[in-house]
file upload_4.pdb (PDB, C-alpha atoms and all ligand atoms)
ATOM      1  CA  MET A 113       4.445 -13.059  15.947
ATOM      2  CA  ASN A 114       3.537  -9.600  17.268
ATOM      3  CA  VAL A 115       2.934  -7.373  14.276
ATOM      4  CA  THR A 116       2.312  -3.628  14.560
ATOM      5  CA  VAL A 117       0.801  -1.797  11.603
ATOM      6  CA  ILE A 118       1.229   1.986  11.544
ATOM      7  CA  GLY A 119      -1.577   3.855   9.771
ATOM      8  CA  ALA A 120      -5.235   2.811   9.619
ATOM      9  CA  GLY A 121      -6.003   3.888   6.029
ATOM     10  CA  THR A 122      -6.930   1.581   3.142
ATOM     11  CA  MET A 123      -3.577  -0.216   3.038
ATOM     12  CA  GLY A 124      -3.112  -0.293   6.820
ATOM     13  CA  ASN A 125      -6.432  -1.985   7.472
ATOM     14  CA  GLY A 126      -5.842  -4.494   4.669
ATOM     15  CA  ILE A 127      -2.377  -5.369   6.012
ATOM     16  CA  ALA A 128      -3.737  -5.738   9.561
ATOM     17  CA  HIS A 129      -6.494  -7.960   8.125
ATOM     18  CA  VAL A 130      -4.153 -10.457   6.427
ATOM     19  CA  PHE A 131      -1.722 -10.728   9.351
ATOM     20  CA  ALA A 132      -4.568 -11.257  11.852
ATOM     21  CA  GLN A 133      -6.234 -13.761   9.543
ATOM     22  CA  SER A 134      -3.076 -15.861   9.433
ATOM     23  CA  GLY A 135      -2.893 -15.986  13.244
ATOM     24  CA  HIS A 136      -0.579 -13.108  14.202
ATOM     25  CA  ALA A 137      -1.341 -10.734  17.074
ATOM     26  CA  VAL A 138      -1.805  -7.351  15.401
ATOM     27  CA  THR A 139      -1.661  -3.871  16.898
ATOM     28  CA  LEU A 140      -3.024  -1.194  14.587
ATOM     29  CA  VAL A 141      -1.720   2.305  15.380
ATOM     30  CA  ASP A 142      -3.142   5.627  14.212
ATOM     31  CA  LEU A 143      -3.215   9.071  15.843
ATOM     32  CA  ASP A 144      -6.943   9.275  15.191
ATOM     33  CA  GLN A 145      -9.244   6.968  17.204
ATOM     34  CA  ALA A 146     -12.102   7.506  14.717
ATOM     35  CA  ARG A 147      -9.877   6.193  11.885
ATOM     36  CA  LEU A 148      -8.955   3.169  13.997
ATOM     37  CA  ASP A 149     -12.627   2.403  14.680
ATOM     38  CA  ALA A 150     -13.448   2.803  10.990
ATOM     39  CA  ALA A 151     -10.547   0.498  10.053
ATOM     40  CA  LEU A 152     -11.771  -2.232  12.394
ATOM     41  CA  ALA A 153     -15.275  -1.936  10.921
ATOM     42  CA  THR A 154     -13.768  -2.255   7.416
ATOM     43  CA  ILE A 155     -11.789  -5.361   8.416
ATOM     44  CA  ASP A 156     -14.989  -6.861   9.840
ATOM     45  CA  LYS A 157     -16.895  -6.039   6.636
ATOM     46  CA  ASN A 158     -14.179  -7.543   4.402
ATOM     47  CA  LEU A 159     -13.935 -10.671   6.562
ATOM     48  CA  GLY A 160     -17.719 -10.855   6.159
ATOM     49  CA  ARG A 161     -17.301 -11.021   2.357
ATOM     50  CA  GLN A 162     -14.970 -13.988   2.814
ATOM     51  CA  VAL A 163     -17.532 -15.660   5.091
ATOM     52  CA  ALA A 164     -20.285 -15.011   2.527
ATOM     53  CA  LYS A 165     -18.070 -16.709  -0.110
ATOM     54  CA  GLU A 166     -17.506 -19.613   2.334
ATOM     55  CA  LYS A 167     -13.751 -19.022   2.336
ATOM     56  CA  LEU A 168     -13.857 -18.392   6.093
ATOM     57  CA  THR A 169     -16.190 -19.447   8.903
ATOM     58  CA  ALA A 170     -18.019 -16.997  11.190
ATOM     59  CA  GLU A 171     -15.850 -18.316  14.063
ATOM     60  CA  GLN A 172     -12.680 -17.512  12.107
ATOM     61  CA  GLN A 173     -14.044 -14.028  11.386
ATOM     62  CA  GLU A 174     -14.592 -13.436  15.100
ATOM     63  CA  ALA A 175     -11.195 -14.894  16.089
ATOM     64  CA  THR A 176      -9.419 -12.780  13.447
ATOM     65  CA  LEU A 177     -11.085  -9.609  14.657
ATOM     66  CA  ALA A 178     -10.189 -10.469  18.269
ATOM     67  CA  ARG A 179      -6.488 -10.586  17.287
ATOM     68  CA  VAL A 180      -6.521  -6.885  16.314
ATOM     69  CA  ALA A 181      -5.760  -4.339  19.063
ATOM     70  CA  LEU A 182      -6.062  -0.587  18.465
ATOM     71  CA  LYS A 183      -3.669   2.073  19.815
ATOM     72  CA  THR A 184      -3.285   5.823  19.335
ATOM     73  CA  ASP A 185       0.185   5.933  20.959
ATOM     74  CA  LEU A 186       2.976   4.853  18.600
ATOM     75  CA  ALA A 187       5.600   4.098  21.286
ATOM     76  CA  GLU A 188       3.134   1.909  23.200
ATOM     77  CA  GLY A 189       1.990   0.261  19.976
ATOM     78  CA  VAL A 190       5.461  -0.908  18.904
ATOM     79  CA  ALA A 191       6.859  -1.753  22.370
ATOM     80  CA  GLU A 192       6.339  -5.529  21.966
ATOM     81  CA  ALA A 193       6.608  -5.784  18.185
ATOM     82  CA  ASP A 194       8.603  -8.427  16.313
ATOM     83  CA  LEU A 195       7.663  -6.752  13.041
ATOM     84  CA  VAL A 196       6.427  -3.226  12.345
ATOM     85  CA  VAL A 197       4.787  -2.468   8.998
ATOM     86  CA  GLU A 198       4.431   1.246   8.348
ATOM     87  CA  ALA A 199       1.569   2.268   6.045
ATOM     88  CA  ALA A 200       1.296   6.000   6.692
ATOM     89  CA  THR A 201       0.834   8.772   4.112
ATOM     90  CA  GLU A 202       3.321   8.845   1.172
ATOM     91  CA  ASP A 203       5.448  11.692   2.513
ATOM     92  CA  ALA A 204       9.203  11.166   2.890
ATOM     93  CA  THR A 205       9.622  13.654   5.764
ATOM     94  CA  LEU A 206       6.714  12.137   7.686
ATOM     95  CA  LYS A 207       8.035   8.606   7.138
ATOM     96  CA  ALA A 208      11.512   9.571   8.371
ATOM     97  CA  LYS A 209       9.971  11.005  11.534
ATOM     98  CA  ILE A 210       7.828   7.919  12.108
ATOM     99  CA  PHE A 211      10.808   5.571  11.604
ATOM    100  CA  GLU A 212      12.886   7.557  14.119
ATOM    101  CA  GLN A 213      10.113   7.115  16.666
ATOM    102  CA  ILE A 214       9.653   3.417  15.874
ATOM    103  CA  ASP A 215      13.420   2.862  16.132
ATOM    104  CA  ASP A 216      13.454   4.464  19.605
ATOM    105  CA  ALA A 217      10.517   2.440  20.955
ATOM    106  CA  ALA A 218      10.582  -0.981  19.253
ATOM    107  CA  PRO A 219      12.608  -3.934  20.629
ATOM    108  CA  PRO A 220      16.169  -4.021  19.169
ATOM    109  CA  ALA A 221      15.491  -7.267  17.275
ATOM    110  CA  ALA A 222      12.336  -5.997  15.563
ATOM    111  CA  ILE A 223      12.228  -5.774  11.774
ATOM    112  CA  LEU A 224      10.928  -2.446  10.481
ATOM    113  CA  ALA A 225       9.101  -2.631   7.150
ATOM    114  CA  SER A 226       7.516   0.090   5.054
ATOM    115  CA  ASN A 227       4.593  -0.340   2.689
ATOM    116  CA  THR A 228       5.777   2.717   0.762
ATOM    117  CA  SER A 229       4.851   2.643  -2.921
ATOM    118  CA  SER A 230       7.753   4.774  -4.144
ATOM    119  CA  ILE A 231       9.917   6.309  -1.419
ATOM    120  CA  SER A 232      13.468   4.966  -1.113
ATOM    121  CA  ILE A 233      13.859   2.203   1.477
ATOM    122  CA  THR A 234      17.544   3.126   1.824
ATOM    123  CA  GLN A 235      16.525   6.675   2.722
ATOM    124  CA  ILE A 236      13.890   5.485   5.223
ATOM    125  CA  ALA A 237      16.462   3.092   6.763
ATOM    126  CA  GLY A 238      18.806   6.054   7.188
ATOM    127  CA  ALA A 239      16.412   7.509   9.767
ATOM    128  CA  THR A 240      17.081   4.499  12.037
ATOM    129  CA  ARG A 241      20.060   2.935  13.833
ATOM    130  CA  ARG A 242      19.208  -0.471  12.379
ATOM    131  CA  PRO A 243      19.267  -0.047   8.584
ATOM    132  CA  GLU A 244      20.062  -3.750   8.120
ATOM    133  CA  GLN A 245      16.649  -4.547   9.690
ATOM    134  CA  VAL A 246      14.698  -2.154   7.469
ATOM    135  CA  ILE A 247      12.932  -3.440   4.344
ATOM    136  CA  GLY A 248      10.080  -2.661   1.965
ATOM    137  CA  MET A 249       6.945  -4.792   2.170
ATOM    138  CA  HIS A 250       4.765  -3.409  -0.602
ATOM    139  CA  PHE A 251       1.212  -4.778  -0.583
ATOM    140  CA  PHE A 252      -1.509  -4.185  -3.188
ATOM    141  CA  ASN A 253      -5.085  -3.012  -2.818
ATOM    142  CA  PRO A 254      -7.339  -4.842  -1.967
ATOM    143  CA  VAL A 255      -4.737  -6.491   0.274
ATOM    144  CA  PRO A 256      -6.827  -9.558   1.225
ATOM    145  CA  VAL A 257      -7.268 -10.352  -2.492
ATOM    146  CA  MET A 258      -4.036  -9.361  -4.262
ATOM    147  CA  LYS A 259      -1.372 -12.056  -4.164
ATOM    148  CA  LEU A 260       1.773  -9.955  -4.565
ATOM    149  CA  VAL A 261       4.162  -8.581  -1.968
ATOM    150  CA  GLU A 262       6.999  -6.631  -3.550
ATOM    151  CA  VAL A 263       9.854  -7.162  -1.083
ATOM    152  CA  VAL A 264      12.261  -4.275  -1.457
ATOM    153  CA  ARG A 265      15.865  -4.501  -0.324
ATOM    154  CA  GLY A 266      17.473  -1.245   0.746
ATOM    155  CA  LEU A 267      21.224  -0.833   0.310
ATOM    156  CA  ALA A 268      21.884  -2.068   3.871
ATOM    157  CA  THR A 269      19.077  -4.663   4.221
ATOM    158  CA  SER A 270      20.596  -7.908   5.526
ATOM    159  CA  ASP A 271      20.011 -11.335   4.008
ATOM    160  CA  ALA A 272      18.515 -12.484   7.330
ATOM    161  CA  THR A 273      15.933  -9.665   7.271
ATOM    162  CA  TYR A 274      15.065 -10.396   3.645
ATOM    163  CA  GLU A 275      14.698 -14.133   4.327
ATOM    164  CA  THR A 276      12.405 -13.572   7.351
ATOM    165  CA  VAL A 277      10.140 -11.248   5.377
ATOM    166  CA  ARG A 278      10.103 -13.520   2.338
ATOM    167  CA  ARG A 279       9.024 -16.496   4.456
ATOM    168  CA  LEU A 280       6.482 -14.426   6.365
ATOM    169  CA  SER A 281       4.921 -13.191   3.107
ATOM    170  CA  GLU A 282       4.555 -16.787   1.925
ATOM    171  CA  ASP A 283       2.953 -17.725   5.242
ATOM    172  CA  LEU A 284       0.342 -15.017   4.568
ATOM    173  CA  GLY A 285      -0.515 -16.857   1.352
ATOM    174  CA  LYS A 286       1.169 -14.180  -0.766
ATOM    175  CA  VAL A 287       3.822 -14.426  -3.468
ATOM    176  CA  PRO A 288       6.892 -12.357  -2.546
ATOM    177  CA  VAL A 289       8.972 -10.906  -5.365
ATOM    178  CA  GLU A 290      12.458  -9.562  -4.640
ATOM    179  CA  VAL A 291      13.180  -6.082  -5.954
ATOM    180  CA  ASN A 292      16.044  -3.670  -5.358
ATOM    181  CA  ASP A 293      15.565  -0.132  -4.123
ATOM    182  CA  ALA A 294      14.810   2.265  -7.005
ATOM    183  CA  ALA A 295      12.062   4.874  -7.400
ATOM    184  CA  GLY A 296       8.668   3.195  -7.771
ATOM    185  CA  PHE A 297      10.328  -0.246  -7.525
ATOM    186  CA  VAL A 298       8.952  -2.380 -10.388
ATOM    187  CA  SER A 299       5.199  -2.151  -9.760
ATOM    188  CA  ASN A 300       4.722   1.596  -9.855
ATOM    189  CA  ARG A 301       7.500   2.253 -12.354
ATOM    190  CA  VAL A 302       5.489   0.212 -14.832
ATOM    191  CA  LEU A 303       1.925   0.956 -13.657
ATOM    192  CA  MET A 304       2.039   4.724 -13.140
ATOM    193  CA  PRO A 305       3.309   5.694 -16.620
ATOM    194  CA  MET A 306       0.427   3.636 -18.034
ATOM    195  CA  ILE A 307      -2.106   5.437 -15.822
ATOM    196  CA  ASN A 308      -0.482   8.800 -16.664
ATOM    197  CA  GLU A 309      -0.706   8.053 -20.397
ATOM    198  CA  ALA A 310      -4.384   7.152 -19.982
ATOM    199  CA  VAL A 311      -4.933  10.558 -18.306
ATOM    200  CA  PHE A 312      -3.084  12.262 -21.204
ATOM    201  CA  CYS A 313      -5.479  10.531 -23.653
ATOM    202  CA  VAL A 314      -8.426  12.172 -21.884
ATOM    203  CA  HIS A 315      -6.546  15.488 -21.476
ATOM    204  CA  GLU A 316      -5.757  15.652 -25.201
ATOM    205  CA  GLY A 317      -9.266  14.620 -26.247
ATOM    206  CA  VAL A 318      -8.147  11.324 -27.799
ATOM    207  CA  ALA A 319     -11.014   9.493 -26.085
ATOM    208  CA  THR A 320     -13.325   9.646 -23.079
ATOM    209  CA  ALA A 321     -12.348   8.022 -19.779
ATOM    210  CA  GLU A 322     -14.930   5.289 -20.415
ATOM    211  CA  ALA A 323     -13.455   4.607 -23.869
ATOM    212  CA  VAL A 324      -9.866   4.436 -22.572
ATOM    213  CA  ASP A 325     -10.906   2.003 -19.855
ATOM    214  CA  THR A 326     -12.912  -0.158 -22.251
ATOM    215  CA  VAL A 327      -9.925  -0.404 -24.614
ATOM    216  CA  MET A 328      -7.648  -1.642 -21.847
ATOM    217  CA  LYS A 329     -10.254  -3.955 -20.286
ATOM    218  CA  LEU A 330     -11.452  -5.646 -23.449
ATOM    219  CA  GLY A 331      -8.309  -5.313 -25.543
ATOM    220  CA  MET A 332      -5.715  -6.164 -22.900
ATOM    221  CA  ALA A 333      -7.783  -8.139 -20.360
ATOM    222  CA  HIS A 334      -7.070  -5.759 -17.477
ATOM    223  CA  PRO A 335      -9.578  -6.374 -14.640
ATOM    224  CA  MET A 336     -10.094  -2.602 -14.324
ATOM    225  CA  GLY A 337      -9.325   0.105 -16.877
ATOM    226  CA  PRO A 338      -6.412   2.392 -15.908
ATOM    227  CA  LEU A 339      -8.660   5.347 -14.976
ATOM    228  CA  THR A 340     -10.983   3.202 -12.853
ATOM    229  CA  LEU A 341      -7.834   1.846 -11.225
ATOM    230  CA  ALA A 342      -6.475   5.378 -10.681
ATOM    231  CA  ASP A 343      -9.745   6.323  -8.928
ATOM    232  CA  PHE A 344      -9.438   3.143  -6.848
ATOM    233  CA  ILE A 345      -5.820   3.865  -5.828
ATOM    234  CA  GLY A 346      -6.515   7.591  -5.225
ATOM    235  CA  LEU A 347      -5.528  10.323  -7.689
ATOM    236  CA  ASP A 348      -3.457  12.066  -4.991
ATOM    237  CA  VAL A 349      -1.490   8.842  -4.443
ATOM    238  CA  CYS A 350      -0.933   8.436  -8.208
ATOM    239  CA  LEU A 351       0.296  12.040  -8.451
ATOM    240  CA  ALA A 352       2.636  11.635  -5.461
ATOM    241  CA  ILE A 353       4.178   8.498  -6.991
ATOM    242  CA  LEU A 354       4.601  10.120 -10.413
ATOM    243  CA  GLU A 355       6.315  13.083  -8.780
ATOM    244  CA  VAL A 356       8.808  10.751  -7.091
ATOM    245  CA  LEU A 357       9.469   8.934 -10.405
ATOM    246  CA  HIS A 358       9.886  12.250 -12.242
ATOM    247  CA  ARG A 359      12.205  13.734  -9.625
ATOM    248  CA  GLU A 360      14.307  10.644  -8.885
ATOM    249  CA  LEU A 361      14.643   9.243 -12.397
ATOM    250  CA  GLY A 362      14.784  12.695 -14.004
ATOM    251  CA  GLU A 363      13.075  11.835 -17.267
ATOM    252  CA  ASP A 364      10.225  13.705 -18.982
ATOM    253  CA  LYS A 365       8.355  10.477 -19.598
ATOM    254  CA  TYR A 366       7.330  10.493 -15.921
ATOM    255  CA  ARG A 367       5.949  14.082 -16.013
ATOM    256  CA  PRO A 368       2.494  14.015 -14.361
ATOM    257  CA  CYS A 369      -0.305  15.003 -16.765
ATOM    258  CA  PRO A 370      -1.618  18.551 -16.060
ATOM    259  CA  LEU A 371      -5.172  17.134 -15.883
ATOM    260  CA  LEU A 372      -4.111  14.830 -13.021
ATOM    261  CA  ARG A 373      -2.649  17.814 -11.131
ATOM    262  CA  LYS A 374      -5.797  19.835 -11.727
ATOM    263  CA  MET A 375      -8.104  17.082 -10.508
ATOM    264  CA  VAL A 376      -6.084  16.598  -7.312
ATOM    265  CA  ALA A 377      -6.066  20.394  -6.734
ATOM    266  CA  ALA A 378      -9.864  20.376  -7.124
ATOM    267  CA  GLY A 379     -10.183  17.633  -4.507
ATOM    268  CA  TYR A 380     -11.264  15.018  -7.052
ATOM    269  CA  LEU A 381      -9.282  12.184  -5.508
ATOM    270  CA  GLY A 382     -11.253   9.240  -6.892
ATOM    271  CA  ARG A 383     -13.391   6.773  -5.016
ATOM    272  CA  LYS A 384     -12.487   8.013  -1.539
ATOM    273  CA  SER A 385     -13.682  11.589  -2.244
ATOM    274  CA  GLY A 386     -16.766  10.521  -4.218
ATOM    275  CA  LYS A 387     -15.432  11.917  -7.503
ATOM    276  CA  GLY A 388     -12.531  11.272  -9.844
ATOM    277  CA  PHE A 389     -12.711  10.181 -13.458
ATOM    278  CA  TYR A 390     -16.082   8.727 -12.424
ATOM    279  CA  ASP A 391     -18.782   9.694  -9.908
ATOM    280  CA  TYR A 392     -19.231   7.544  -6.804
ATOM    281  CA  ALA A 393     -22.005   9.516  -5.115
TER     282      ALA A 393
HETATM  283  N1  LIG B   1     -11.435  -7.814   1.136
HETATM  284  C1  LIG B   1     -11.723  -9.107   0.957
HETATM  285  N2  LIG B   1     -12.190  -9.598  -0.209
HETATM  286  C2  LIG B   1     -12.407  -8.732  -1.215
HETATM  287  C3  LIG B   1     -12.142  -7.357  -1.107
HETATM  288  C4  LIG B   1     -11.632  -6.910   0.138
HETATM  289  N3  LIG B   1     -11.316  -5.621   0.346
HETATM  290  N4  LIG B   1     -12.427  -6.758  -2.275
HETATM  291  C5  LIG B   1     -12.869  -7.719  -3.105
HETATM  292  N5  LIG B   1     -12.858  -8.912  -2.467
HETATM  293  C6  LIG B   1     -13.153 -10.218  -3.041
HETATM  294  C7  LIG B   1     -14.591 -10.435  -3.407
HETATM  295  O1  LIG B   1     -15.336 -10.911  -2.322
HETATM  296  C8  LIG B   1     -14.482 -11.472  -4.520
HETATM  297  O2  LIG B   1     -14.257 -12.758  -3.976
HETATM  298  P1  LIG B   1     -14.445 -14.108  -4.860
HETATM  299  O3  LIG B   1     -13.365 -14.133  -5.903
HETATM  300  O4  LIG B   1     -14.282 -15.193  -3.872
HETATM  301  O5  LIG B   1     -15.809 -14.004  -5.456
HETATM  302  C9  LIG B   1     -13.208 -11.069  -5.231
HETATM  303  O6  LIG B   1     -12.468 -10.322  -4.293
HETATM  304  C10 LIG B   1     -13.500 -10.255  -6.449
HETATM  305  O7  LIG B   1     -14.289  -9.132  -6.064
HETATM  306  P2  LIG B   1     -15.642  -8.698  -6.788
HETATM  307  O8  LIG B   1     -16.339  -9.879  -7.352
HETATM  308  O9  LIG B   1     -16.375  -7.797  -5.856
HETATM  309  O10 LIG B   1     -15.173  -7.706  -7.914
HETATM  310  P3  LIG B   1     -14.219  -7.925  -9.134
HETATM  311  O11 LIG B   1     -14.276  -9.287  -9.693
HETATM  312  O12 LIG B   1     -14.537  -6.765  -9.984
HETATM  313  O13 LIG B   1     -12.764  -7.752  -8.517
HETATM  314  C11 LIG B   1     -10.900  -6.485  -7.822
HETATM  315  C12 LIG B   1     -12.410  -6.646  -7.760
HETATM  316  C13 LIG B   1     -10.238  -7.682  -7.136
HETATM  317  C14 LIG B   1     -10.576  -5.217  -7.066
HETATM  318  C15 LIG B   1     -10.473  -6.461  -9.339
HETATM  319  O14 LIG B   1     -11.214  -5.486 -10.012
HETATM  320  C16 LIG B   1      -9.003  -6.177  -9.528
HETATM  321  O15 LIG B   1      -8.167  -7.055  -9.434
HETATM  322  N6  LIG B   1      -8.659  -4.892  -9.825
HETATM  323  C17 LIG B   1      -7.285  -4.455  -9.973
HETATM  324  C18 LIG B   1      -6.728  -4.123  -8.614
HETATM  325  C19 LIG B   1      -5.315  -3.661  -8.692
HETATM  326  O16 LIG B   1      -4.694  -3.533  -9.734
HETATM  327  N7  LIG B   1      -4.763  -3.361  -7.507
HETATM  328  C20 LIG B   1      -3.427  -2.864  -7.391
HETATM  329  C21 LIG B   1      -3.473  -1.380  -7.215
HETATM  330  S1  LIG B   1      -1.864  -0.707  -7.137
HETATM  331  C22 LIG B   1      -1.462  -0.749  -5.523
HETATM  332  O17 LIG B   1      -2.241  -1.101  -4.660
HETATM  333  C23 LIG B   1      -0.069  -0.346  -5.188
HETATM  334  C24 LIG B   1       0.086   1.088  -4.766
HETATM  335  O18 LIG B   1       1.440   1.305  -4.532
HETATM  336  C25 LIG B   1      -0.427   2.110  -5.726
END
call {"tool": "encode", "arguments": {"input": "upload_4.pdb", "output": "structure tokens"}}
result
Amino acid sequence: MNVTVIGAGTMGNGIAHVFAQSGHAVTLVDLDQARLDAALATIDKNLGRQVAKEKLTAEQQEATLARVALKTDLAEGVAEADLVVEAATEDATLKAKIFEQIDDAAPPAAILASNTSSISITQIAGATRRPEQVIGMHFFNPVPVMKLVEVVRGLATSDATYETVRRLSEDLGKVPVEVNDAAGFVSNRVLMPMINEAVFCVHEGVATAEAVDTVMKLGMAHPMGPLTLADFIGLDVCLAILEVLHRELGEDKYRPCPLLRKMVAAGYLGRKSGKGFYDYA
């Protein structure tokens, strides 16, 4: 299958990685050539980890990398696609614009998926003339490791589109879970209030970030504490998702903690900026 991934950030490079690894021809599209080059280097590095763990051979690493093409032009990048997976910034206006462009340039039969973590699939589908072929394909970071794909059905998503994406997710070695379109779907509707509450604990002086994380790691067997996880996801991403939950579901329980807002305003975005609840210098 020809798969085009839009956006060469953390999720985009992980999604390109898993499709290429399972034999698909992947085109990775980003406006910025430097981001594309960095994404390819990241894919190579992460494939290298799998080789080091003897889960992949060096030949498979090379063949996987050779299946990834890079493009800065979106229309060119989707022209031959059977499936497009959009993984751009979490911004509803931007996504609508991107989907309009994809809809104009991709073959009529192509399925258009979004990796959005909280924006309505029905709304995204509304920007296209093929809403029945639009679906959510929500992957988790680190994509090569995490088994879940939350497959989100918009109001108009057809059974045929859902079935194709479900099967494709299984072929990637993932476990697809069917979810209907609602703010945050299931994953972030459950995860983000927990992260937000952990931030409130620090904000209100209940405990330090280290203490909160230790409680959840050792008491609840979470692989990472919620604040380490928030740094890993990106504090700006967490805030954006909480704002969608708060606005769409209209309940105070989703109100982003003032400390989270302050940290994002200060540019403390977590791991990617070198500072969040922890220092990564
Ligand atoms: N690519 C390939 N392999 C990777 C990798 C990557 N990017 N990152 C880690 N790995 C591999 C390692 O090589 C290792 O392989 P092994 O099991 O064969 O030894 C394995 O994954 C575990 O990695 P490490 O030993 O380095 O480290 P940990 O044991 O601490 O695990 C972790 C790291 C998998 C990230 C683990 O801490 C974890 O599961 N954390 C929680 C992650 C999580 O919750 N993600 C979801 C975020 S929410 C999201 O993405 C949705 C969005 O909408 C917000």
call {"tool": "residues_near_ligand", "arguments": {"input": "upload_4.pdb", "ligand": "ligand LIG 1 (chain B)", "cutoff": "8 Å", "atoms": "all atoms listed in the file", "output": "JSON, numbers by chain"}}
result
{"A": [123, 126, 155, 157, 158, 159, 161, 162, 165, 167, 228, 229, 230, 250, 251, 252, 253, 254, 255, 256, 257, 258, 299, 300, 303, 334, 335, 336, 341, 344, 345, 349, 350, 353]}
call {"tool": "closest_residue", "arguments": {"input": "upload_4.pdb", "among": "A:Ala342, A:Val277, A:Val311, A:Leu177", "to": "Ala225 of chain A", "atoms": "all atoms listed in the file"}}
result
A:Val277
call {"tool": "residues_around", "arguments": {"input": "upload_4.pdb", "residues": "Ala151 of chain A", "least_positions_apart": "4", "cutoff": "10 Å", "atoms": "all atoms listed in the file", "output": "list in words"}}
result
Gly119, Ala120, Gly121, Thr122, Met123, Gly124, Asn125, Gly126, Ala128, His129, Leu140, Asp142, Gln145, Ala146, Arg147, Ile155, Asp156, Lys157 and Leu182 of chain A
call {"tool": "resolve_selection", "arguments": {"input": "upload_4.pdb", "expression": "the PyMOL selection byres (((chain A and resi 204-219) around 7) and not hetatm)", "output": "list of chain:residue names"}}
result
A:Ala187, A:Val190, A:Ala191, A:Glu192, A:Ala193, A:Glu202, A:Asp203, A:Pro220, A:Ala221, A:Ala222, A:Ile231, A:Ile236, A:Ala239, A:Thr240
call {"tool": "resolve_selection", "arguments": {"input": "upload_4.pdb", "expression": "the PyMOL selection byres (((chain A and resi 294) around 10) and not hetatm)", "output": "ChimeraX atom specification"}}
result
/A:230-234,264-266,291-293,295-298,301,357,360-361
call {"tool": "write_last_selection", "arguments": {"input": "upload_4.pdb", "atoms": "C-alpha atoms", "output": "compact mmCIF listing (two decimals), in the frame of the given file"}}
result
# COMPACT_ATOMS: atom_id res chain seq x y z
CA SER A 230 7.75 4.77 -4.14
CA ILE A 231 9.92 6.31 -1.42
CA SER A 232 13.47 4.97 -1.11
CA ILE A 233 13.86 2.20 1.48
CA THR A 234 17.54 3.13 1.82
CA VAL A 264 12.26 -4.28 -1.46
CA ARG A 265 15.86 -4.50 -0.32
CA GLY A 266 17.47 -1.25 0.75
CA VAL A 291 13.18 -6.08 -5.95
CA ASN A 292 16.04 -3.67 -5.36
CA ASP A 293 15.56 -0.13 -4.12
CA ALA A 295 12.06 4.87 -7.40
CA GLY A 296 8.67 3.20 -7.77
CA PHE A 297 10.33 -0.25 -7.52
CA VAL A 298 8.95 -2.38 -10.39
CA ARG A 301 7.50 2.25 -12.35
CA LEU A 357 9.47 8.93 -10.40
CA GLU A 360 14.31 10.64 -8.88
CA LEU A 361 14.64 9.24 -12.40
call {"tool": "atom_distance", "arguments": {"input": "upload_4.pdb", "atom1": "atom CA of Val314 of chain A", "atom2": "atom CA of Gly362 of chain A"}}
result
24.5 Å
call {"tool": "residues_around", "arguments": {"input": "upload_4.pdb", "residues": "segment 320-326 of chain A", "least_positions_apart": "5", "cutoff": "12 Å", "atoms": "all atoms listed in the file", "output": "PyMOL selection string"}}
result
chain A and resi 306-315+331-343+388-391
call {"tool": "axis_aligned_box", "arguments": {"input": "upload_4.pdb", "around": "segment 386-392 of chain A", "padding_each_side": "8 Å", "output": "JSON"}}
result
{"center_x": -15.9, "center_y": 9.7, "center_z": -8.8, "size_x": 22.7, "size_y": 20.4, "size_z": 25.2}
call {"tool": "atom_distance", "arguments": {"input": "upload_4.pdb", "atom1": "atom CA of Lys286 of chain A", "atom2": "atom CA of Glu262 of chain A"}}
result
9.9 Å
